[in-house]
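S.K.: This is the content of final.csv (CSV, C-alpha atoms):
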chain,number,residue,atom,x,y,z
A,838,MET,CA,0.0,0.0,0.0
A,839,ALA,CA,2.9,2.3,0.8
A,840,GLU,CA,4.1,1.9,-2.7
A,841,ASP,CA,0.8,3.1,-4.1
A,842,TYR,CA,1.1,6.6,-2.8
A,843,LYS,CA,4.7,6.8,-3.7
A,844,ASN,CA,3.7,6.0,-7.3
A,845,LEU,CA,1.3,8.9,-7.5
A,846,THR,CA,3.5,11.3,-9.4
A,847,ASP,CA,3.5,15.1,-9.3
A,848,ALA,CA,2.2,15.0,-12.8
A,849,GLU,CA,-0.8,12.9,-11.8
A,850,LEU,CA,-1.5,15.2,-8.9
A,851,ALA,CA,-1.3,18.2,-11.2
A,852,ALA,CA,-3.6,16.6,-13.7
A,853,ALA,CA,-6.1,15.8,-10.9
A,854,PHE,CA,-6.1,19.4,-9.8
A,855,ALA,CA,-6.3,20.7,-13.4
A,856,ALA,CA,-9.5,18.7,-13.8
A,857,VAL,CA,-10.9,20.4,-10.6
A,858,GLN,CA,-9.8,23.8,-11.8
A,859,LYS,CA,-11.4,23.3,-15.2
A,860,LYS,CA,-14.7,22.3,-13.6
A,861,GLU,CA,-14.5,25.2,-11.1
A,862,ARG,CA,-14.0,27.8,-13.8
A,863,GLY,CA,-16.5,26.3,-16.1
A,864,ALA,CA,-15.4,28.5,-19.0
A,865,ALA,CA,-17.6,26.8,-21.6
A,866,THR,CA,-20.8,27.1,-19.6
A,867,PRO,CA,-23.4,29.8,-20.6
A,868,GLU,CA,-23.4,31.1,-17.0
A,869,ALA,CA,-19.7,31.7,-17.2
A,870,GLN,CA,-20.0,33.4,-20.5
A,871,SER,CA,-22.8,35.7,-19.3
A,872,PHE,CA,-20.7,36.5,-16.2
A,873,LEU,CA,-17.8,37.5,-18.5
A,874,ASN,CA,-20.1,39.6,-20.7
A,875,ALA,CA,-21.4,41.4,-17.5
A,876,LEU,CA,-17.7,42.2,-16.6
A,877,THR,CA,-16.9,43.3,-20.1
A,878,SER,CA,-19.8,45.8,-20.1
A,879,VAL,CA,-18.5,47.5,-16.9
A,880,PRO,CA,-17.0,50.4,-18.9
A,881,ASP,CA,-20.5,51.1,-20.5
A,882,ARG,CA,-22.1,51.4,-17.0
A,883,HIS,CA,-19.4,53.2,-15.0
A,884,ALA,CA,-17.3,56.2,-15.7
A,885,GLN,CA,-13.7,56.3,-14.7
A,886,ALA,CA,-12.8,58.5,-11.7
A,887,ILE,CA,-9.0,58.9,-12.0
A,888,PRO,CA,-7.9,62.1,-10.2
A,889,THR,CA,-6.1,64.5,-12.5
A,890,LEU,CA,-2.6,65.6,-11.6
A,891,ASN,CA,-3.3,69.3,-12.5
A,892,PRO,CA,-2.7,71.5,-9.4
A,893,VAL,CA,-5.8,73.2,-8.0
A,894,PRO,CA,-5.7,76.9,-9.0
A,895,VAL,CA,-5.2,79.1,-5.9
A,896,ARG,CA,-7.1,82.4,-6.0
A,897,PRO,CA,-5.0,85.3,-4.5
A,898,SER,CA,-6.5,87.3,-1.7
A,899,SER,CA,-8.1,90.7,-2.4
A,900,PHE,CA,-4.9,92.3,-1.0
A,901,GLY,CA,-2.8,90.1,-3.2
A,902,SER,CA,-4.9,90.9,-6.2
A,903,PHE,CA,-4.5,94.6,-5.5
A,904,PHE,CA,-0.7,94.4,-5.4
A,905,ASN,CA,-0.7,92.1,-8.4
A,906,ALA,CA,-2.7,94.6,-10.4
A,907,LEU,CA,-0.6,97.5,-9.1
A,908,PHE,CA,2.7,96.0,-10.0
A,909,ASP,CA,1.6,93.9,-13.0
A,910,PRO,CA,4.7,93.8,-15.3
A,911,ALA,CA,2.5,94.2,-18.3
A,912,THR,CA,1.2,97.6,-17.2
A,913,LEU,CA,4.1,98.6,-14.9
A,914,LEU,CA,5.4,101.4,-17.1
A,915,SER,CA,2.2,102.3,-18.9
A,916,ALA,CA,0.4,105.6,-18.3
A,917,ARG,CA,-2.3,103.9,-16.4
A,918,GLY,CA,0.2,101.9,-14.3
A,919,LEU,CA,2.2,105.0,-13.4
A,920,VAL,CA,-0.9,106.9,-12.4
A,921,SER,CA,-2.1,104.0,-10.2
A,922,GLN,CA,1.3,103.8,-8.5
A,923,GLY,CA,1.4,107.5,-8.0
A,924,ALA,CA,-2.0,107.5,-6.5
A,925,PHE,CA,-1.0,104.7,-4.2
A,926,ALA,CA,2.1,106.5,-3.1
A,927,ALA,CA,0.1,109.7,-2.4
A,928,VAL,CA,-2.4,107.8,-0.3
A,929,LEU,CA,0.4,106.2,1.6
A,930,LEU,CA,2.1,109.6,2.2
A,931,VAL,CA,-1.1,111.3,3.3
A,932,THR,CA,-1.9,108.4,5.7
A,933,GLY,CA,1.6,108.7,7.2
A,934,MET,CA,1.3,112.5,7.6
A,935,VAL,CA,-2.1,112.3,9.3
A,936,ALA,CA,-0.7,109.7,11.7
A,937,GLY,CA,2.3,111.9,12.5
A,938,LEU,CA,0.1,115.0,13.1
A,939,GLU,CA,-2.1,113.2,15.5
A,940,ALA,CA,1.0,112.0,17.4
A,941,ALA,CA,2.4,115.5,17.7
A,942,GLU,CA,-0.9,116.8,19.2
A,943,ASP,CA,-0.6,114.4,22.1
A,944,PRO,CA,3.1,114.2,23.0
A,945,GLN,CA,4.2,111.3,25.1
A,946,VAL,CA,7.1,111.3,27.5
A,947,PHE,CA,9.7,108.6,27.8
A,948,ASP,CA,8.2,107.2,31.0
A,949,ASP,CA,5.0,106.3,29.2
A,950,PHE,CA,7.0,103.7,27.3
A,951,ASP,CA,9.4,102.7,30.1
A,952,VAL,CA,7.6,99.7,31.6
A,953,SER,CA,10.3,99.2,34.2
A,954,ALA,CA,10.3,102.8,35.4
A,955,GLY,CA,8.4,102.0,38.7
A,956,LEU,CA,10.2,98.8,39.5
A,957,PHE,CA,13.4,100.1,41.0
A,958,GLY,CA,12.2,103.4,42.6
A,959,SER,CA,13.5,104.2,46.0
A,960,GLU,CA,12.2,106.5,48.7
A,961,ASP,CA,14.4,109.5,49.3
A,962,ASP,CA,13.6,109.5,53.0
A,963,ASN,CA,15.5,106.3,53.5
A,964,TYR,CA,18.7,108.1,52.7
A,965,ALA,CA,18.1,111.4,54.5
A,966,LEU,CA,21.2,112.6,56.4
A,967,ASP,CA,19.3,113.9,59.3
A,968,GLY,CA,17.3,110.7,59.6
B,695,MET,CA,-29.3,42.4,-48.7
B,696,ALA,CA,-29.6,43.9,-45.2
B,697,TYR,CA,-29.1,40.4,-43.8
B,698,HIS,CA,-25.9,39.9,-45.7
B,699,LEU,CA,-24.6,43.3,-44.6
B,700,GLN,CA,-25.4,42.4,-41.0
B,701,ARG,CA,-23.6,39.1,-41.3
B,702,ARG,CA,-20.6,40.7,-42.9
B,703,ASN,CA,-20.4,43.4,-40.1
B,704,LYS,CA,-20.6,40.6,-37.5
B,705,ALA,CA,-17.8,38.7,-39.1
B,706,LEU,CA,-15.8,41.9,-39.3
B,707,VAL,CA,-16.3,42.6,-35.6
B,708,THR,CA,-15.3,39.1,-34.7
B,709,GLU,CA,-12.2,39.4,-36.8
B,710,VAL,CA,-11.2,42.7,-35.2
B,711,LYS,CA,-11.8,41.2,-31.7
B,712,SER,CA,-9.7,38.2,-32.6
B,713,ARG,CA,-6.9,40.4,-33.9
B,714,VAL,CA,-7.0,42.5,-30.7
B,715,HIS,CA,-7.0,39.4,-28.6
B,716,ASP,CA,-4.0,38.1,-30.5
B,717,SER,CA,-2.1,41.3,-30.0
B,718,GLN,CA,-2.9,41.3,-26.3
B,719,GLN,CA,-1.7,37.7,-25.8
B,720,ASN,CA,1.9,38.9,-25.3
B,721,THR,CA,1.0,42.0,-23.4
B,722,SER,CA,1.6,41.8,-19.6
B,723,ASP,CA,-1.2,42.5,-17.2
B,724,GLU,CA,0.6,45.5,-15.9
B,725,THR,CA,0.8,47.0,-19.3
B,726,LEU,CA,-3.0,46.4,-19.8
B,727,VAL,CA,-3.7,48.1,-16.5
B,728,ALA,CA,-1.6,51.1,-17.7
B,729,GLN,CA,-3.8,51.2,-20.8
B,730,VAL,CA,-6.9,51.0,-18.7
B,731,CYS,CA,-5.7,54.1,-16.9
B,732,LYS,CA,-6.0,55.8,-20.3
B,733,GLY,CA,-9.5,54.6,-20.7
B,734,ASP,CA,-8.7,51.7,-23.0
B,735,ARG,CA,-11.8,49.4,-23.0
B,736,LEU,CA,-10.2,46.7,-25.0
B,737,ALA,CA,-7.4,46.4,-22.5
B,738,PHE,CA,-10.0,46.1,-19.7
B,739,SER,CA,-11.8,43.5,-21.8
B,740,GLY,CA,-8.4,41.6,-22.1
B,741,LEU,CA,-8.0,41.5,-18.4
B,742,VAL,CA,-11.6,40.3,-18.0
B,743,ASP,CA,-11.0,37.5,-20.5
B,744,ARG,CA,-7.7,36.5,-18.9
B,745,HIS,CA,-8.7,36.6,-15.2
B,746,GLY,CA,-12.5,36.9,-14.9
B,747,LEU,CA,-13.2,33.2,-14.3
B,748,ARG,CA,-10.1,32.6,-12.3
B,749,PHE,CA,-11.1,35.2,-9.8
B,750,ARG,CA,-14.6,34.0,-9.8
B,751,ALA,CA,-13.4,30.5,-8.8
B,752,ILE,CA,-11.2,32.1,-6.1
B,753,ALA,CA,-14.1,34.1,-4.8
B,754,VAL,CA,-16.4,31.0,-4.7
B,755,ARG,CA,-13.8,29.2,-2.7
B,756,THR,CA,-13.6,32.1,-0.3
B,757,CYS,CA,-17.3,32.9,0.0
B,758,GLY,CA,-18.8,29.4,-0.6
B,759,ASP,CA,-21.6,31.0,-2.6
B,760,LEU,CA,-21.6,31.6,-6.3
B,761,THR,CA,-24.0,34.6,-6.4
B,762,MET,CA,-22.1,36.4,-3.8
B,763,ALA,CA,-18.7,35.5,-5.4
B,764,GLU,CA,-19.9,36.9,-8.7
B,765,GLU,CA,-21.0,40.1,-7.0
B,766,MET,CA,-17.7,40.5,-5.3
B,767,VAL,CA,-15.6,39.9,-8.4
B,768,GLN,CA,-17.8,42.3,-10.4
B,769,GLU,CA,-17.3,45.0,-7.7
B,770,ALA,CA,-13.5,44.4,-7.9
B,771,PHE,CA,-13.6,44.8,-11.7
B,772,ILE,CA,-15.7,47.9,-11.4
B,773,LYS,CA,-13.0,49.3,-9.0
B,774,LEU,CA,-10.4,48.3,-11.5
B,775,TRP,CA,-12.1,50.3,-14.2
B,776,THR,CA,-13.0,53.3,-12.2
B,777,ARG,CA,-9.8,53.7,-10.2
B,778,PRO,CA,-7.0,51.7,-12.1
B,779,ASP,CA,-4.5,54.2,-10.7
B,780,ARG,CA,-4.7,52.5,-7.3
B,781,PHE,CA,-2.6,49.7,-8.8
B,782,ASP,CA,1.1,50.3,-8.3
B,783,ALA,CA,3.1,48.1,-10.7
B,784,ASP,CA,6.3,49.0,-8.7
B,785,LYS,CA,4.9,47.4,-5.5
B,786,ALA,CA,3.3,44.1,-6.8
B,787,LYS,CA,2.2,42.1,-9.8
B,788,PHE,CA,-1.3,42.7,-11.0
B,789,THR,CA,-2.5,39.2,-10.1
B,790,THR,CA,-1.2,39.2,-6.5
B,791,TRP,CA,-2.7,42.7,-6.0
B,792,PHE,CA,-6.0,41.8,-7.5
B,793,HIS,CA,-6.1,38.5,-5.6
B,794,ARG,CA,-5.9,40.6,-2.3
B,795,VAL,CA,-8.6,43.0,-3.6
B,796,VAL,CA,-11.0,40.1,-4.4
B,797,VAL,CA,-10.3,38.0,-1.3
B,798,ASN,CA,-10.5,41.0,1.1
B,799,ARG,CA,-13.8,42.1,-0.5
B,800,CYS,CA,-15.2,38.6,0.0
B,801,LEU,CA,-14.1,38.5,3.6
B,802,ASP,CA,-15.5,42.0,4.3
B,803,GLU,CA,-18.8,40.9,2.8
B,804,LEU,CA,-18.8,37.7,4.8
B,805,ARG,CA,-18.2,39.7,8.0
B,806,ARG,CA,-21.0,42.2,7.0
B,807,ARG,CA,-23.5,39.4,6.4
B,808,LYS,CA,-22.7,37.7,9.7
B,809,PRO,CA,-26.0,36.0,10.6
B,810,GLU,CA,-28.1,37.7,13.2
B,811,ALA,CA,-29.0,35.9,16.4
B,812,LEU,CA,-32.1,33.7,16.0
B,813,PRO,CA,-35.1,34.6,18.0
B,814,ASP,CA,-35.9,32.6,21.1
B,815,GLY,CA,-37.4,29.3,20.5
B,816,PHE,CA,-36.2,29.1,16.9
B,817,ASP,CA,-34.1,26.0,16.6
B,818,GLU,CA,-34.7,24.9,13.0
B,819,VAL,CA,-31.7,23.2,11.6
B,820,ASP,CA,-30.4,24.4,8.2
B,821,HIS,CA,-30.1,21.3,6.1
B,822,ARG,CA,-28.5,23.0,3.1
B,823,PRO,CA,-25.1,21.6,2.4
B,824,VAL,CA,-22.1,23.7,3.2
B,825,ALA,CA,-19.5,24.6,0.5
B,826,ASP,CA,-17.2,21.6,1.3
B,827,GLU,CA,-20.1,19.2,1.1
B,828,VAL,CA,-21.2,20.7,-2.2
B,829,LEU,CA,-17.8,20.1,-3.5
B,830,GLU,CA,-17.7,16.6,-2.2
B,831,THR,CA,-21.1,15.5,-3.4
B,832,ASP,CA,-21.3,17.5,-6.6
B,833,SER,CA,-17.9,16.8,-8.1
B,834,ASP,CA,-16.1,13.9,-9.7
B,835,ASN,CA,-13.1,15.2,-7.9
B,836,ALA,CA,-14.6,14.8,-4.4
B,837,ILE,CA,-11.8,12.5,-3.3
B,838,LEU,CA,-9.2,15.1,-4.2
B,839,MET,CA,-11.0,18.0,-2.5
B,840,ALA,CA,-11.7,15.9,0.6
B,841,ALA,CA,-8.0,15.0,0.8
B,842,LEU,CA,-7.1,18.7,0.3
B,843,SER,CA,-9.4,19.8,3.1
B,844,ARG,CA,-7.7,17.4,5.5
B,845,LEU,CA,-4.3,19.2,5.0
B,846,PRO,CA,-2.9,21.7,7.5
B,847,GLU,CA,-4.1,25.2,6.7
B,848,ARG,CA,-0.8,26.5,5.2
B,849,GLN,CA,-0.2,23.4,3.1
B,850,ARG,CA,-3.7,23.6,1.8
B,851,ARG,CA,-3.3,27.2,1.0
B,852,ALA,CA,-0.1,26.7,-0.9
B,853,LEU,CA,-1.5,23.8,-2.9
B,854,THR,CA,-4.7,25.8,-3.7
B,855,LEU,CA,-2.8,28.9,-4.9
B,856,SER,CA,-0.4,26.8,-7.0
B,857,TYR,CA,-2.7,24.2,-8.5
B,858,LEU,CA,-6.3,25.6,-8.4
B,859,ASP,CA,-5.7,29.3,-8.6
B,860,GLY,CA,-3.0,28.9,-11.2
B,861,TYR,CA,-0.4,31.1,-9.7
B,862,SER,CA,3.3,30.7,-10.3
B,863,ASN,CA,5.4,29.8,-7.3
B,864,GLN,CA,6.7,33.4,-7.2
B,865,GLU,CA,3.1,34.8,-7.1
B,866,ALA,CA,1.9,32.3,-4.6
B,867,ALA,CA,5.0,33.1,-2.4
B,868,GLU,CA,4.1,36.9,-2.6
B,869,ILE,CA,0.5,36.2,-1.6
B,870,MET,CA,1.5,34.1,1.3
B,871,GLU,CA,4.2,36.6,2.2
B,872,LEU,CA,6.9,33.9,2.1
B,873,ASN,CA,10.2,33.7,0.2
B,874,ILE,CA,10.2,31.4,-2.8
B,875,LYS,CA,12.3,28.7,-1.0
B,876,ALA,CA,9.9,28.5,1.9
B,877,LEU,CA,7.0,28.1,-0.4
B,878,GLU,CA,8.7,25.4,-2.4
B,879,SER,CA,9.5,23.4,0.7
B,880,LEU,CA,5.9,24.0,1.9
B,881,LEU,CA,4.7,22.6,-1.5
B,882,VAL,CA,6.9,19.5,-1.2
B,883,ARG,CA,5.5,18.8,2.3
B,884,ALA,CA,1.9,19.5,1.0
B,885,ARG,CA,2.3,17.1,-1.9
B,886,THR,CA,3.7,14.4,0.3
B,887,LYS,CA,0.8,14.8,2.7
B,888,MET,CA,-1.6,14.8,-0.2
B,889,ARG,CA,-0.1,11.5,-1.4
B,890,GLU,CA,-0.6,10.0,2.1
B,891,GLU,CA,-4.2,11.2,2.2
B,892,LEU,CA,-4.9,9.9,-1.3
B,893,ARG,CA,-3.2,6.6,-1.1
B,894,ALA,CA,-6.3,4.7,-0.2
B,895,ASP,CA,-8.3,6.4,-2.9
B,896,LYS,CA,-5.8,6.5,-5.7
B,897,ALA,CA,-7.6,4.0,-7.9
B,898,ASP,CA,-10.8,5.9,-7.6
B,899,LEU,CA,-9.1,9.2,-8.3
B,900,LEU,CA,-7.3,8.0,-11.4
B,901,ALA,CA,-10.5,6.2,-12.7
B,902,GLY,CA,-12.3,9.6,-12.4
B,903,LEU,CA,-9.8,11.3,-14.7
B,904,VAL,CA,-10.3,9.0,-17.7
What's the structure tokens form of this structure?
M.R.:
Amino acid sequence: MAEDYKNLTDAELAAAFAAVQKKERGAATPEAQSFLNALTSVPDRHAQAIPTLNPVPVRPSSFGSFFNALFDPATLLSARGLVSQGAFAAVLLVTGMVAGLEAAEDPQVFDDFDVSAGLFGSEDDNYALDG
Amino acid sequence: MAYHLQRRNKALVTEVKSRVHDSQQNTSDETLVAQVCKGDRLAFSGLVDRHGLRFRAIAVRTCGDLTMAEEMVQEAFIKLWTRPDRFDADKAKFTTWFHRVVVNRCLDELRRRKPEALPDGFDEVDHRPVADEVLETDSDNAILMAALSRLPERQRRALTLSYLDGYSNQEAAEIMELNIKALESLLVRARTKMREELRADKADLLAGLV
């Protein structure tokens, strides 16, 4: 009996499995064919959803848009560009002057900014010669 | 006249399909997937022809139910068509990647369909045969499958991948996450064990093949 199983070759084993495989796949059956047809028709029923590699456009902020428009190389030296830049410089200048005038009306002394001014103060009485 | 034109068109379509099929014979799976990424339906059809029934058989073995298996394989192929970019040819072969997709999908579905607890007092026995019994009773190769089912899990898996699922040793090793030498020695042990299991039934088995 021991000789029997030793004689079952790899080829015979492979042939036996091949028979099972053939039956399992059942390629020739109408059910198998209709299954394959259903798979083949997948592209007709479903659209592809592959993400594109194009970067998402980033919209600049309104401040960024303003500066882009102001210093756009295409219009930088045109009459319209020069007028815009001049107007922007004027607005900036006037804003600075107004801020300066307001500061002059209400002068501040150094102690207003010296946050440590009161930390190391000493009482003069402690050092009076006449005690 | 119309009938003749229709027949000629049909013959033409068959011939074109046949030529496309011939040209795809030598194209690797990975190349076909790259073509699917570009929306090539014929490449997709080539993959279906090549692997559709193989993965259906694998899914049936995993789920134990033909209808469910067909659903799972169809879902996997839909995923392959809609998102072929998810396959990375640098990381794995198409067959080993798709094997995991199909088997994981089946296992997820089995977990999802886990039977709910029966109501109190309901003790009716389900007499329907389980998958192994179906194989044993409904197949001329029952002896072989019964012997296979008696093998230790890893040996059974190695033999199944190599002989029934049709994977090369390299692919089977990748699926089992083994190196090729380990798989080969596992196969040697599995074949020896199969011979032991089959020795009493050898005559019946060989008679069934003729």
S.K.: Find the nearest atom pair between each residue of chain A and chain B for residues within 6 Å, count only C-alpha atoms, give distances in Å to one decimal, sort rows by chain and ascending number, and present the table as JSON lines.
M.R.:
{"residue": "A:Tyr842", "atom": "CA", "partner": "B:Arg893", "partner_atom": "CA", "distance": 4.6}
{"residue": "A:Gln858", "atom": "CA", "partner": "B:Leu858", "partner_atom": "CA", "distance": 5.2}
{"residue": "A:Glu861", "atom": "CA", "partner": "B:Ala751", "partner_atom": "CA", "distance": 5.9}
{"residue": "A:Arg862", "atom": "CA", "partner": "B:Leu747", "partner_atom": "CA", "distance": 5.5}
{"residue": "A:Thr877", "atom": "CA", "partner": "B:Ser739", "partner_atom": "CA", "distance": 5.4}
{"residue": "A:Gln885", "atom": "CA", "partner": "B:Thr776", "partner_atom": "CA", "distance": 4.0}
{"residue": "A:Ala886", "atom": "CA", "partner": "B:Thr776", "partner_atom": "CA", "distance": 5.2}
{"residue": "A:Ile887", "atom": "CA", "partner": "B:Arg777", "partner_atom": "CA", "distance": 5.6}
S.K.: Do you have the atom CA of A:Ala941-atom CA of A:Ala926 distance handy?
M.R.: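 So the answer is 22.7 Å.
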S.K.: Write out as a ChimeraX atom specification the residues lying within 12 Å of B:Arg794, counting all atoms listed in the file and excluding same-chain residues fewer than 5 positions away.
M.R.: /B:749,752-753,756,767,770,781,786-789,799-802,865-866,868-871
S.K.: For the selection just defined, write its residues with C-alpha atoms to a file, as a short mmCIF file (atom, residue, chain, number, x, y, z; two decimals), keeping the file's coordinate frame.
M.R.:
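Listing of part_16.cif after writing:
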data_model
loop_
_atom_site.label_atom_id
_atom_site.label_comp_id
_atom_site.auth_asym_id
_atom_site.auth_seq_id
_atom_site.Cartn_x
_atom_site.Cartn_y
_atom_site.Cartn_z
CA PHE B 749 -11.10 35.20 -9.80
CA ILE B 752 -11.20 32.10 -6.10
CA ALA B 753 -14.10 34.10 -4.80
CA THR B 756 -13.60 32.10 -0.30
CA VAL B 767 -15.60 39.90 -8.40
CA ALA B 770 -13.50 44.40 -7.90
CA PHE B 781 -2.60 49.70 -8.80
CA ALA B 786 3.30 44.10 -6.80
CA LYS B 787 2.20 42.10 -9.80
CA PHE B 788 -1.30 42.70 -11.00
CA THR B 789 -2.50 39.20 -10.10
CA ARG B 799 -13.80 42.10 -0.50
CA CYS B 800 -15.20 38.60 0.00
CA LEU B 801 -14.10 38.50 3.60
CA ASP B 802 -15.50 42.00 4.30
CA GLU B 865 3.10 34.80 -7.10
CA ALA B 866 1.90 32.30 -4.60
CA GLU B 868 4.10 36.90 -2.60
CA ILE B 869 0.50 36.20 -1.60
CA MET B 870 1.50 34.10 1.30
CA GLU B 871 4.20 36.60 2.20
#
S.K.: Here is a test: counting only C-alpha atoms, which residue of A:Glu942, A:Phe872, A:Ala852, A:Val931 is nearest to B:Ala763?
M.R.: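 Going through A:Glu942, A:Phe872, A:Ala852, A:Val931 one by one, the smallest distance to B:Ala763 is for A:Phe872.
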S.K.: Atom CA of B:Lys808 and atom CA of B:Thr761, how far apart in Å?
M.R.: 16.4 Å
S.K.: Rounded to one decimal, what separation in Å do you get between atom CA of A:Thr912 and atom CA of A:Leu929?
M.R.: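 Separation between atom CA of A:Thr912 and atom CA of A:Leu929: 20.7 Å.
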S.K.: Name the closest residue to B:Arg807 among the candidates B:Cys757, B:Thr790, B:Ala783, B:Ser843; distances are taken between atoms, counting all atoms listed in the file.
M.R.: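 Nearest to B:Arg807: B:Cys757.
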